[in-house]
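Data block for run.pdb (PDB, C-alpha atoms):
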```pdb
ATOM      1  CA  MET A 121       0.000   0.000   0.000  1.00  0.00           C
ATOM      2  CA  THR A 122       1.235   3.469  -0.823  1.00  0.00           C
ATOM      3  CA  TYR A 123       0.950   6.192   1.761  1.00  0.00           C
ATOM      4  CA  SER A 124       0.035   9.631   0.512  1.00  0.00           C
ATOM      5  CA  ILE A 125      -1.027  12.958   1.983  1.00  0.00           C
ATOM      6  CA  ARG A 126      -2.639  15.743  -0.029  1.00  0.00           C
ATOM      7  CA  LEU A 127      -4.064  19.165   0.721  1.00  0.00           C
ATOM      8  CA  SER A 128      -6.397  20.905  -1.708  1.00  0.00           C
ATOM      9  CA  TRP A 129      -8.346  24.133  -1.762  1.00  0.00           C
ATOM     10  CA  ASN A 130     -11.427  25.405  -3.588  1.00  0.00           C
ATOM     11  CA  CYS A 131     -12.665  22.056  -4.979  1.00  0.00           C
ATOM     12  CA  ARG A 132      -9.128  21.027  -6.002  1.00  0.00           C
ATOM     13  CA  LYS A 133      -8.441  24.131  -8.070  1.00  0.00           C
ATOM     14  CA  GLU A 134      -5.206  24.275  -6.081  1.00  0.00           C
ATOM     15  CA  TRP A 135      -3.634  21.218  -4.508  1.00  0.00           C
ATOM     16  CA  PHE A 136      -0.403  19.421  -3.785  1.00  0.00           C
ATOM     17  CA  GLU A 137       0.808  16.086  -2.496  1.00  0.00           C
ATOM     18  CA  PHE A 138       3.331  16.211   0.320  1.00  0.00           C
ATOM     19  CA  PRO A 139       6.596  15.154  -1.342  1.00  0.00           C
ATOM     20  CA  VAL A 140       7.917  13.270   1.711  1.00  0.00           C
ATOM     21  CA  ASN A 141       5.659  11.332   4.071  1.00  0.00           C
ATOM     22  CA  PRO A 142       6.000  12.098   7.770  1.00  0.00           C
ATOM     23  CA  GLY A 143       7.164   9.418  10.167  1.00  0.00           C
ATOM     24  CA  GLU A 144       3.806   9.571  11.965  1.00  0.00           C
ATOM     25  CA  ILE A 145       0.443  11.280  11.961  1.00  0.00           C
ATOM     26  CA  GLU A 146      -1.116  12.061  15.304  1.00  0.00           C
ATOM     27  CA  ILE A 147      -4.911  12.059  15.486  1.00  0.00           C
ATOM     28  CA  ARG A 148      -6.388  13.686  18.571  1.00  0.00           C
ATOM     29  CA  GLU A 149     -10.027  13.008  19.436  1.00  0.00           C
ATOM     30  CA  GLY A 150     -11.771  13.941  22.650  1.00  0.00           C
ATOM     31  CA  GLY A 151     -14.982  14.874  24.347  1.00  0.00           C
ATOM     32  CA  LYS A 152     -16.236  17.923  26.163  1.00  0.00           C
ATOM     33  CA  GLY A 153     -17.324  16.183  29.361  1.00  0.00           C
ATOM     34  CA  LYS A 154     -17.873  18.373  32.406  1.00  0.00           C
ATOM     35  CA  THR A 155     -17.442  17.313  35.983  1.00  0.00           C
ATOM     36  CA  TYR A 156     -19.538  18.517  38.898  1.00  0.00           C
ATOM     37  CA  ASP A 157     -19.378  17.915  42.614  1.00  0.00           C
ATOM     38  CA  VAL A 158     -22.756  16.652  43.807  1.00  0.00           C
ATOM     39  CA  MET A 159     -23.473  16.793  47.518  1.00  0.00           C
ATOM     40  CA  GLY A 160     -23.676  13.314  48.974  1.00  0.00           C
ATOM     41  CA  LYS A 161     -22.503  11.685  45.721  1.00  0.00           C
ATOM     42  CA  GLY A 162     -19.095  13.180  45.011  1.00  0.00           C
ATOM     43  CA  GLU A 163     -17.731  14.048  41.597  1.00  0.00           C
ATOM     44  CA  ILE A 164     -19.821  13.137  38.560  1.00  0.00           C
ATOM     45  CA  ASN A 165     -19.019  13.382  34.856  1.00  0.00           C
ATOM     46  CA  VAL A 166     -21.621  14.681  32.418  1.00  0.00           C
ATOM     47  CA  ILE A 167     -20.784  13.523  28.905  1.00  0.00           C
ATOM     48  CA  GLN A 168     -21.156  16.239  26.293  1.00  0.00           C
ATOM     49  CA  SER A 169     -20.666  16.247  22.525  1.00  0.00           C
ATOM     50  CA  GLN A 170     -17.348  15.200  20.995  1.00  0.00           C
ATOM     51  CA  GLN A 171     -14.691  17.699  20.024  1.00  0.00           C
ATOM     52  CA  LEU A 172     -13.698  17.912  16.385  1.00  0.00           C
ATOM     53  CA  PRO A 173     -10.703  15.663  15.608  1.00  0.00           C
ATOM     54  CA  GLU A 174      -7.273  17.211  15.066  1.00  0.00           C
ATOM     55  CA  TYR A 175      -4.585  15.831  12.761  1.00  0.00           C
ATOM     56  CA  SER A 176      -0.963  16.839  13.198  1.00  0.00           C
ATOM     57  CA  PHE A 177       2.335  15.820  11.656  1.00  0.00           C
ATOM     58  CA  SER A 178       5.813  17.125  10.956  1.00  0.00           C
ATOM     59  CA  GLY A 179       8.055  16.761   7.954  1.00  0.00           C
ATOM     60  CA  PHE A 180      10.053  18.718   5.431  1.00  0.00           C
ATOM     61  CA  PHE A 181       9.763  20.117   1.948  1.00  0.00           C
ATOM     62  CA  PRO A 182      12.952  19.131   0.107  1.00  0.00           C
ATOM     63  CA  ASN A 183      14.816  21.511  -2.142  1.00  0.00           C
ATOM     64  CA  PRO A 184      14.753  19.753  -5.532  1.00  0.00           C
ATOM     65  CA  GLY A 185      18.096  21.183  -6.616  1.00  0.00           C
ATOM     66  CA  LYS A 186      19.937  19.754  -3.603  1.00  0.00           C
ATOM     67  CA  ARG A 187      18.311  16.379  -2.864  1.00  0.00           C
ATOM     68  CA  LEU A 188      18.040  14.625  -6.191  1.00  0.00           C
ATOM     69  CA  TYR A 189      20.782  12.441  -7.539  1.00  0.00           C
ATOM     70  CA  SER A 190      21.045  10.516 -10.770  1.00  0.00           C
ATOM     71  CA  GLN A 191      20.523   6.784 -10.812  1.00  0.00           C
ATOM     72  CA  LYS A 192      20.619   4.330 -13.707  1.00  0.00           C
ATOM     73  CA  ASN A 193      17.298   2.592 -14.323  1.00  0.00           C
ATOM     74  CA  LEU A 194      16.879  -0.897 -15.795  1.00  0.00           C
ATOM     75  CA  LEU A 195      17.142   0.428 -19.351  1.00  0.00           C
ATOM     76  CA  GLY A 196      20.498   2.020 -18.607  1.00  0.00           C
ATOM     77  CA  LYS A 197      19.097   5.564 -18.724  1.00  0.00           C
ATOM     78  CA  TYR A 198      19.747   8.081 -15.983  1.00  0.00           C
ATOM     79  CA  ARG A 199      16.848   9.644 -14.156  1.00  0.00           C
ATOM     80  CA  ASP A 200      16.498  11.839 -11.123  1.00  0.00           C
ATOM     81  CA  HIS A 201      15.548   9.774  -8.114  1.00  0.00           C
ATOM     82  CA  ASP A 202      15.340  10.166  -4.365  1.00  0.00           C
ATOM     83  CA  PRO A 203      14.112   7.248  -2.227  1.00  0.00           C
ATOM     84  CA  LEU A 204      12.410   9.608   0.250  1.00  0.00           C
ATOM     85  CA  LEU A 205      10.141  11.205  -2.342  1.00  0.00           C
ATOM     86  CA  THR A 206       6.556  10.014  -2.549  1.00  0.00           C
ATOM     87  CA  SER A 207       5.262  12.526  -5.074  1.00  0.00           C
ATOM     88  CA  SER A 208       6.052  12.393  -8.769  1.00  0.00           C
ATOM     89  CA  SER A 209       6.138  16.200  -8.971  1.00  0.00           C
ATOM     90  CA  LEU A 210       8.424  18.212  -6.746  1.00  0.00           C
ATOM     91  CA  MET A 211       8.212  21.972  -6.309  1.00  0.00           C
ATOM     92  CA  GLU A 212      10.584  24.350  -4.594  1.00  0.00           C
ATOM     93  CA  PRO A 213       9.817  24.582  -0.857  1.00  0.00           C
ATOM     94  CA  ARG A 214       8.603  28.186  -1.108  1.00  0.00           C
ATOM     95  CA  TYR A 215       5.656  27.101  -3.275  1.00  0.00           C
ATOM     96  CA  TYR A 216       4.374  24.716  -0.587  1.00  0.00           C
ATOM     97  CA  LEU A 217       4.706  27.532   1.948  1.00  0.00           C
ATOM     98  CA  GLU A 218       2.838  29.965  -0.307  1.00  0.00           C
ATOM     99  CA  TYR A 219      -0.021  27.522  -0.824  1.00  0.00           C
ATOM    100  CA  ILE A 220      -0.467  26.817   2.875  1.00  0.00           C
ATOM    101  CA  LEU A 221      -0.106  30.440   4.015  1.00  0.00           C
ATOM    102  CA  ASN A 222      -2.504  31.715   1.326  1.00  0.00           C
ATOM    103  CA  TRP A 223      -5.064  29.059   2.225  1.00  0.00           C
ATOM    104  CA  MET A 224      -4.812  30.066   5.887  1.00  0.00           C
ATOM    105  CA  ARG A 225      -5.372  33.731   4.967  1.00  0.00           C
ATOM    106  CA  SER A 226      -8.432  32.821   2.871  1.00  0.00           C
ATOM    107  CA  LYS A 227     -10.279  31.689   6.042  1.00  0.00           C
ATOM    108  CA  MET A 228     -11.773  28.870   3.998  1.00  0.00           C
ATOM    109  CA  PRO A 229     -11.464  25.141   4.718  1.00  0.00           C
ATOM    110  CA  VAL A 230      -9.063  22.934   2.787  1.00  0.00           C
ATOM    111  CA  ARG A 231      -9.443  19.234   2.032  1.00  0.00           C
ATOM    112  CA  PHE A 232      -7.131  16.795   3.809  1.00  0.00           C
ATOM    113  CA  GLU A 233      -6.637  13.459   2.054  1.00  0.00           C
ATOM    114  CA  PHE A 234      -4.656  10.732   3.761  1.00  0.00           C
ATOM    115  CA  THR A 235      -4.245   7.229   2.383  1.00  0.00           C
ATOM    116  CA  GLY A 236      -2.629   4.685   4.658  1.00  0.00           C
ATOM    117  CA  GLU A 237      -2.505   0.992   5.376  1.00  0.00           C
ATOM    118  CA  MET A 238      -5.036   0.893   8.206  1.00  0.00           C
ATOM    119  CA  PHE A 239      -7.403   3.705   7.234  1.00  0.00           C
ATOM    120  CA  SER A 240      -7.965   6.618   4.899  1.00  0.00           C
ATOM    121  CA  LEU A 241      -9.264  10.130   5.483  1.00  0.00           C
ATOM    122  CA  ASN A 242     -10.870  12.565   3.080  1.00  0.00           C
ATOM    123  CA  THR A 243     -12.275  15.445   5.072  1.00  0.00           C
ATOM    124  CA  PRO A 244     -12.517  19.239   5.105  1.00  0.00           C
ATOM    125  CA  VAL A 245     -10.211  20.840   7.667  1.00  0.00           C
ATOM    126  CA  SER A 246      -9.010  24.194   8.888  1.00  0.00           C
ATOM    127  CA  ILE A 247      -5.292  24.839   9.201  1.00  0.00           C
ATOM    128  CA  GLU A 248      -4.978  25.578  12.903  1.00  0.00           C
ATOM    129  CA  LYS A 249      -1.209  25.839  13.222  1.00  0.00           C
ATOM    130  CA  PHE A 250       1.668  25.887  10.777  1.00  0.00           C
ATOM    131  CA  ASP A 251       5.265  26.292  11.965  1.00  0.00           C
ATOM    132  CA  TRP A 252       8.172  26.200   9.549  1.00  0.00           C
ATOM    133  CA  LYS A 253      11.895  26.914   9.408  1.00  0.00           C
ATOM    134  CA  GLU A 254      14.882  26.634   7.149  1.00  0.00           C
ATOM    135  CA  VAL A 255      17.688  24.796   8.880  1.00  0.00           C
ATOM    136  CA  ALA A 256      21.269  25.775   8.125  1.00  0.00           C
ATOM    137  CA  GLY A 257      23.151  23.074   6.261  1.00  0.00           C
ATOM    138  CA  SER A 258      19.993  21.389   4.930  1.00  0.00           C
ATOM    139  CA  GLY A 259      20.534  22.633   1.397  1.00  0.00           C
ATOM    140  CA  GLY A 260      17.405  24.780   1.381  1.00  0.00           C
ATOM    141  CA  ASP A 261      14.970  22.212   2.799  1.00  0.00           C
ATOM    142  CA  ILE A 262      12.092  23.633   4.839  1.00  0.00           C
ATOM    143  CA  GLU A 263      11.074  21.759   7.990  1.00  0.00           C
ATOM    144  CA  PHE A 264       7.479  22.162   9.181  1.00  0.00           C
ATOM    145  CA  SER A 265       4.834  21.007  11.606  1.00  0.00           C
ATOM    146  CA  ILE A 266       1.148  21.395  10.834  1.00  0.00           C
ATOM    147  CA  THR A 267      -2.061  20.941  12.823  1.00  0.00           C
ATOM    148  CA  LEU A 268      -5.379  20.533  11.040  1.00  0.00           C
ATOM    149  CA  LYS A 269      -8.848  20.456  12.614  1.00  0.00           C
ATOM    150  CA  LYS A 270     -11.871  18.815  11.031  1.00  0.00           C
ATOM    151  CA  TYR A 271     -14.277  21.385   9.618  1.00  0.00           C
ATOM    152  CA  GLU A 272     -18.054  20.963   9.687  1.00  0.00           C
ATOM    153  CA  PHE A 273     -19.960  22.984   7.106  1.00  0.00           C
ATOM    154  CA  TYR A 274     -22.827  24.972   8.530  1.00  0.00           C
ATOM    155  CA  ALA A 275     -25.287  27.631   7.453  1.00  0.00           C
ATOM    156  CA  ALA A 276     -27.879  29.773   9.146  1.00  0.00           C
ATOM    157  CA  ARG A 277     -31.444  28.587   8.682  1.00  0.00           C
ATOM    158  CA  LYS A 278     -34.407  30.845   8.165  1.00  0.00           C
ATOM    159  CA  VAL A 279     -36.885  30.503  10.986  1.00  0.00           C
ATOM    160  CA  PRO A 280     -40.433  31.641  10.298  1.00  0.00           C
ATOM    161  CA  VAL A 281     -41.591  34.216  12.823  1.00  0.00           C
ATOM    162  CA  THR A 282     -45.188  34.180  13.953  1.00  0.00           C
ATOM    163  CA  ASP A 283     -46.870  36.644  16.239  1.00  0.00           C
ATOM    164  CA  LYS A 284     -48.816  34.007  18.167  1.00  0.00           C
ATOM    165  CA  GLY A 285     -48.550  34.628  21.853  1.00  0.00           C
ATOM    166  CA  ALA A 286     -46.834  37.958  21.341  1.00  0.00           C
ATOM    167  CA  GLU A 287     -48.108  40.905  23.256  1.00  0.00           C
ATOM    168  CA  LYS A 288     -50.051  43.358  21.178  1.00  0.00           C
ATOM    169  CA  PRO A 289     -49.209  46.992  21.666  1.00  0.00           C
ATOM    170  CA  ALA A 290     -51.731  48.987  23.627  1.00  0.00           C
ATOM    171  CA  PRO A 291     -53.954  51.150  21.449  1.00  0.00           C
ATOM    172  CA  ALA A 292     -52.933  54.787  21.211  1.00  0.00           C
ATOM    173  CA  ARG A 293     -55.017  57.198  23.296  1.00  0.00           C
TER     174      ARG A 293
END
```
Will you turn the file into structure tokens for me?
Amino acid sequence: MTYSIRLSWNCRKEWFEFPVNPGEIEIREGGKGKTYDVMGKGEINVIQSQQLPEYSFSGFFPNPGKRLYSQKNLLGKYRDHDPLLTSSSLMEPRYYLEYILNWMRSKMPVRFEFTGEMFSLNTPVSIEKFDWKEVAGSGGDIEFSITLKKYEFYAARKVPVTDKGAEKPAPAR
């Protein structure tokens, strides 16, 4: 099975596949239970609705000019190859940064697609946190950590207003 992670925005008008898979993806799920102290009973837990799941991982965006090396394939032809790469297309690290930062500024959800051995995800998310840095001596690679939170679409509903039971204004004198 091939692992892959993609982010897309605006119905896949913009998207990319992470070029290097992270070592792990952390999924955080929880509830919003509240505890109360009841006289004569002690502490009780009132179960509330679940919190939205969060997905977080760390990795790096490789600099294509520094990481690739030539390798002879079976036909004796040279091709660029890097065993860490999972994506067939590789952009400069700044493009990945621009995509993510622009999507964050748009205040619109993005789509998170994860394909793994045990499970797959395809869900809208918000980008909650994105930290990145260029490390000296890495050849221009950008290291990052990202936290995504599941997004639930919602819309206001029109509620019909009736005047049943409403007080009528007193007649003018």
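The residue that comes closest to Ser169 of chain A, out of A:Glu149, A:Glu233, A:Glu144, A:Asp157 and on the basis of only C-alpha atoms, is A:Glu149.
Of the listed residues A:Phe239, A:Phe177, A:Tyr216, A:Trp223, the one whose atoms come nearest to Leu268 of chain A is A:Phe177, with distances taken using all atoms listed in the file.
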| Explicit residue set for the PyMOL selection byres ((chain A and resi 254) around 10), as a list in words | Phe180, Phe181, Pro213, Trp252, Lys253, Val255, Ala256, Gly257, Ser258, Gly259, Gly260, Asp261, Ile262, Glu263 and Phe264 of chain A
| field | atom CA of Ile247 of chain A to atom CA of Arg126 of chain A, distance in Å rounded to a single decimal | value | 13.2 Å
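Straight-line separation from atom CA of Arg214 of chain A to atom CA of Lys270 of chain A: 25.6 Å.
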| In Å, how far is it from atom CA of Pro139 of chain A to atom CA of Ile125 of chain A? | 8.6 Å
